[in-house]
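What follows is run24.cif (mmCIF, C-alpha atoms).
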data_my_file
#
loop_
_atom_site.group_PDB
_atom_site.id
_atom_site.type_symbol
_atom_site.label_atom_id
_atom_site.label_comp_id
_atom_site.auth_asym_id
_atom_site.auth_seq_id
_atom_site.Cartn_x
_atom_site.Cartn_y
_atom_site.Cartn_z
ATOM 1 C CA MET H 943 0.000 0.000 0.000
ATOM 2 C CA LEU H 944 2.782 2.481 0.842
ATOM 3 C CA SER H 945 4.314 2.005 -2.587
ATOM 4 C CA LEU H 946 0.975 2.828 -4.237
ATOM 5 C CA VAL H 947 0.595 5.935 -2.097
ATOM 6 C CA MET H 948 4.142 7.096 -2.855
ATOM 7 C CA LYS H 949 3.557 6.511 -6.576
ATOM 8 C CA SER H 950 0.281 8.451 -6.457
ATOM 9 C CA ASP H 951 2.117 11.771 -6.324
ATOM 10 C CA ASP H 952 5.842 12.437 -6.605
ATOM 11 C CA ARG H 953 5.549 15.337 -4.162
ATOM 12 C CA ILE H 954 4.943 12.997 -1.206
ATOM 13 C CA ARG H 955 8.099 12.970 0.898
ATOM 14 C CA TYR H 956 7.296 10.395 3.536
ATOM 15 C CA ALA H 957 4.624 7.775 4.240
ATOM 16 C CA THR H 958 4.160 5.681 7.375
ATOM 17 C CA VAL H 959 1.518 3.196 8.463
ATOM 18 C CA CYS H 960 1.167 2.459 12.153
ATOM 19 C CA ASP H 961 -1.285 0.677 14.401
ATOM 20 C CA MET H 962 -3.426 2.557 16.899
ATOM 21 C CA GLU H 963 -0.733 2.189 19.533
ATOM 22 C CA GLY H 964 1.798 4.048 17.383
ATOM 23 C CA GLN H 965 3.744 0.927 16.402
ATOM 24 C CA VAL H 966 5.240 1.495 12.937
ATOM 25 C CA LEU H 967 4.276 -1.205 10.436
ATOM 26 C CA GLY H 968 6.012 0.317 7.428
ATOM 27 C CA THR H 969 7.641 3.485 6.136
ATOM 28 C CA LYS H 970 8.619 4.780 2.702
ATOM 29 C CA ILE H 971 10.800 7.842 2.164
ATOM 30 C CA ARG H 972 11.157 9.550 -1.205
ATOM 31 C CA GLU H 973 14.543 8.645 -2.623
ATOM 32 C CA GLY H 974 17.117 11.380 -2.115
ATOM 33 C CA LEU H 975 15.244 13.129 0.695
ATOM 34 C CA LYS H 976 16.358 13.361 4.285
ATOM 35 C CA PRO H 977 13.544 13.258 6.877
ATOM 36 C CA LEU H 978 13.111 16.447 8.898
ATOM 37 C CA LEU H 979 12.562 14.460 12.118
ATOM 38 C CA ASN H 980 14.890 11.834 13.543
ATOM 39 C CA ASP H 981 13.479 8.401 14.470
ATOM 40 C CA GLU H 982 12.714 9.353 18.074
ATOM 41 C CA GLU H 983 10.945 12.569 17.051
ATOM 42 C CA HIS H 984 8.982 10.678 14.383
ATOM 43 C CA LYS H 985 7.804 8.115 16.956
ATOM 44 C CA GLU H 986 6.749 10.942 19.275
ATOM 45 C CA ALA H 987 4.802 12.613 16.453
ATOM 46 C CA LEU H 988 3.083 9.295 15.669
ATOM 47 C CA ILE H 989 2.023 8.787 19.291
ATOM 48 C CA TYR H 990 0.601 12.313 19.350
ATOM 49 C CA ALA H 991 -1.274 11.720 16.082
ATOM 50 C CA VAL H 992 -2.643 8.348 17.262
ATOM 51 C CA ASN H 993 -3.833 9.840 20.558
ATOM 52 C CA SER H 994 -5.505 12.701 18.693
ATOM 53 C CA MET H 995 -7.170 10.182 16.387
ATOM 54 C CA LYS H 996 -8.523 8.306 19.431
ATOM 55 C CA VAL H 997 -10.027 11.507 20.836
ATOM 56 C CA ARG H 998 -11.694 12.223 17.501
ATOM 57 C CA GLU H 999 -13.084 8.687 17.489
ATOM 58 C CA LYS H 1000 -14.807 9.357 20.822
ATOM 59 C CA LEU H 1001 -16.529 12.362 19.287
ATOM 60 C CA SER H 1002 -17.539 10.614 16.075
ATOM 61 C CA ALA H 1003 -21.102 9.897 17.256
ATOM 62 C CA LYS H 1004 -21.755 13.634 17.099
ATOM 63 C CA LEU H 1005 -19.246 14.830 14.492
ATOM 64 C CA GLY H 1006 -19.181 11.881 12.117
ATOM 65 C CA LYS H 1007 -16.302 9.615 11.188
ATOM 66 C CA ASN H 1008 -12.907 11.286 10.886
ATOM 67 C CA GLN H 1009 -11.793 11.270 7.234
ATOM 68 C CA TYR H 1010 -8.363 12.858 7.682
ATOM 69 C CA VAL H 1011 -6.510 15.585 9.532
ATOM 70 C CA PHE H 1012 -4.386 18.059 7.614
ATOM 71 C CA ALA H 1013 -1.717 20.211 9.258
ATOM 72 C CA VAL H 1014 0.402 22.861 7.563
ATOM 73 C CA TYR H 1015 3.783 23.751 9.029
ATOM 74 C CA ASP H 1016 6.456 26.121 7.726
ATOM 75 C CA ASN H 1017 8.550 23.211 6.413
ATOM 76 C CA LEU H 1018 5.958 20.605 5.450
ATOM 77 C CA CYS H 1019 2.337 19.549 5.236
ATOM 78 C CA ARG H 1020 1.182 16.478 7.135
ATOM 79 C CA LEU H 1021 -1.885 14.334 6.599
ATOM 80 C CA THR H 1022 -3.061 11.689 9.047
ATOM 81 C CA MET H 1023 -5.811 9.378 7.892
ATOM 82 C CA PRO H 1024 -7.403 6.361 9.569
ATOM 83 C CA ILE H 1025 -7.265 3.097 7.679
ATOM 84 C CA GLY H 1026 -10.213 1.147 9.007
ATOM 85 C CA ASN H 1027 -10.322 1.003 12.806
ATOM 86 C CA LYS H 1028 -6.892 -0.476 13.432
ATOM 87 C CA TYR H 1029 -4.378 1.576 11.463
ATOM 88 C CA MET H 1030 -3.353 5.101 10.578
ATOM 89 C CA LEU H 1031 -1.536 6.531 7.565
ATOM 90 C CA LEU H 1032 0.760 9.528 8.022
ATOM 91 C CA LEU H 1033 2.048 11.390 4.953
ATOM 92 C CA THR H 1034 4.192 14.471 4.516
ATOM 93 C CA TRP H 1035 4.971 16.720 1.560
ATOM 94 C CA GLY H 1036 6.372 20.190 0.969
ATOM 95 C CA PRO H 1037 4.316 23.232 1.972
ATOM 96 C CA GLU H 1038 4.279 24.562 -1.596
ATOM 97 C CA THR H 1039 2.189 21.614 -2.735
ATOM 98 C CA THR H 1040 -1.363 22.137 -3.943
ATOM 99 C CA LEU H 1041 -4.305 20.283 -2.428
ATOM 100 C CA ASP H 1042 -4.889 18.092 -5.482
ATOM 101 C CA ILE H 1043 -2.573 15.642 -3.736
ATOM 102 C CA PHE H 1044 -5.596 14.514 -1.654
ATOM 103 C CA LYS H 1045 -7.340 13.192 -4.752
ATOM 104 C CA ASN H 1046 -4.236 11.243 -5.781
ATOM 105 C CA ILE H 1047 -3.829 9.718 -2.300
ATOM 106 C CA ARG H 1048 -7.491 8.696 -2.050
ATOM 107 C CA ASN H 1049 -7.366 7.094 -5.497
ATOM 108 C CA ALA H 1050 -4.249 5.140 -4.507
ATOM 109 C CA LEU H 1051 -5.903 3.879 -1.307
ATOM 110 C CA LYS H 1052 -8.934 2.683 -3.267
ATOM 111 C CA GLN H 1053 -6.593 0.347 -5.179
ATOM 112 C CA THR H 1054 -5.590 -1.523 -2.006
#

Written form, C-alpha cells:
Amino acid sequence: MLSLVMKSDDRIRYATVCDMEGQVLGTKIREGLKPLLNDEEHKEALIYAVNSMKVREKLSAKLGKNQYVFAVYDNLCRLTMPIGNKYMLLLTWGPETTLDIFKNIRNALKQT
C-alpha cells in the first residue's frame, strides 16, 4: 500500500503506516530526501497523532467519522488518515504543494 501511495504523487516525501498504539508497520521515504525528524521525534509525532485520532473517534457519534486531519507547518504539510479502525496513515509533503494531492492519495488507497 505504501508504494501505491508514494507513486500516487511524486511530491509525497514520507509515508508511514502504524497501528493505533503508534507501532510502525512500514515506512517509505522519497529517494534522495532526508527526513526532517529523527526516528525518536517521528515516533513521538506518531504517538501524538494516534492519541488525537482516538479523541476524535470518541466524538464521532456527534461529528461523524474522521476522514483525515491536515496540518500545515512552515517546512511541510502532514496528513493523518485512519485506515479502518486499526491503522493510521501519516504522509508528509512540501508546503508549496497544492491540495490536489488529496485526490491522488485517495485514489491510490482505493486500489488496495

Translate the PyMOL selection byres ((chain H and resi 1042-1050) around 12) into a concrete residue list for this structure, as a CSV table (one decimal) with C-alpha atoms, keeping the file's coordinate frame.
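Heads up, here's the output in out-v4.csv:
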chain,number,residue,atom,x,y,z
H,943,MET,CA,0.0,0.0,0.0
H,944,LEU,CA,2.8,2.5,0.8
H,945,SER,CA,4.3,2.0,-2.6
H,946,LEU,CA,1.0,2.8,-4.2
H,947,VAL,CA,0.6,5.9,-2.1
H,948,MET,CA,4.1,7.1,-2.9
H,949,LYS,CA,3.6,6.5,-6.6
H,950,SER,CA,0.3,8.5,-6.5
H,951,ASP,CA,2.1,11.8,-6.3
H,952,ASP,CA,5.8,12.4,-6.6
H,953,ARG,CA,5.5,15.3,-4.2
H,954,ILE,CA,4.9,13.0,-1.2
H,955,ARG,CA,8.1,13.0,0.9
H,957,ALA,CA,4.6,7.8,4.2
H,1009,GLN,CA,-11.8,11.3,7.2
H,1010,TYR,CA,-8.4,12.9,7.7
H,1011,VAL,CA,-6.5,15.6,9.5
H,1012,PHE,CA,-4.4,18.1,7.6
H,1019,CYS,CA,2.3,19.5,5.2
H,1020,ARG,CA,1.2,16.5,7.1
H,1021,LEU,CA,-1.9,14.3,6.6
H,1022,THR,CA,-3.1,11.7,9.0
H,1023,MET,CA,-5.8,9.4,7.9
H,1024,PRO,CA,-7.4,6.4,9.6
H,1025,ILE,CA,-7.3,3.1,7.7
H,1031,LEU,CA,-1.5,6.5,7.6
H,1032,LEU,CA,0.8,9.5,8.0
H,1033,LEU,CA,2.0,11.4,5.0
H,1034,THR,CA,4.2,14.5,4.5
H,1035,TRP,CA,5.0,16.7,1.6
H,1036,GLY,CA,6.4,20.2,1.0
H,1037,PRO,CA,4.3,23.2,2.0
H,1038,GLU,CA,4.3,24.6,-1.6
H,1039,THR,CA,2.2,21.6,-2.7
H,1040,THR,CA,-1.4,22.1,-3.9
H,1041,LEU,CA,-4.3,20.3,-2.4
H,1051,LEU,CA,-5.9,3.9,-1.3
H,1052,LYS,CA,-8.9,2.7,-3.3
H,1053,GLN,CA,-6.6,0.3,-5.2
H,1054,THR,CA,-5.6,-1.5,-2.0

What are the centre and the three edge lengths of an axis-aligned box that wraps all atoms of region 970-987 of chain H in the file, given that 6 Å is added to every side, written as lines of an AutoDock Vina configuration file and rounded to one decimal in Å?
center_x = 11.0
center_y = 10.6
center_z = 8.3
size_x = 24.3
size_y = 23.7
size_z = 33.9

What lies within 8 Å of Gly968 (chain H) using only C-alpha atoms, ignoring chain neighbours under 6 positions off, as a PDB file with C-alpha atoms, in the frame of the given file?
ATOM      1  CA  LEU H 944       2.782   2.481   0.842  1.00  0.00           C
ATOM      2  CA  THR H 958       4.160   5.681   7.375  1.00  0.00           C
ATOM      3  CA  VAL H 959       1.518   3.196   8.463  1.00  0.00           C
ATOM      4  CA  CYS H 960       1.167   2.459  12.153  1.00  0.00           C
TER       5      CYS H 960
END

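Picture a line from CA of Gly964 (chain H) to CA of Val992 (chain H); it runs 6.2 Å.
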
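Residues matched by the PyMOL selection byres ((chain H and resi 963) around 9) in this file are Cys960, Asp961, Met962, Gly964, Gln965, Val966, Leu988, Ile989, Val992, Asn993 and Tyr1029 of chain H.
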
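You will find CA of Lys976 (chain H) at 16.5 Å from CA of Asp1016 (chain H).
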
Run the PyMOL selection byres ((chain H and resi 971) around 6) against the file shown and list the residues it catches, as an MDAnalysis selection string. chainID H and resid 955:956 970 972

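Atom pair CA of Leu1018 (chain H) / CA of Pro977 (chain H): separated by 10.7 Å.
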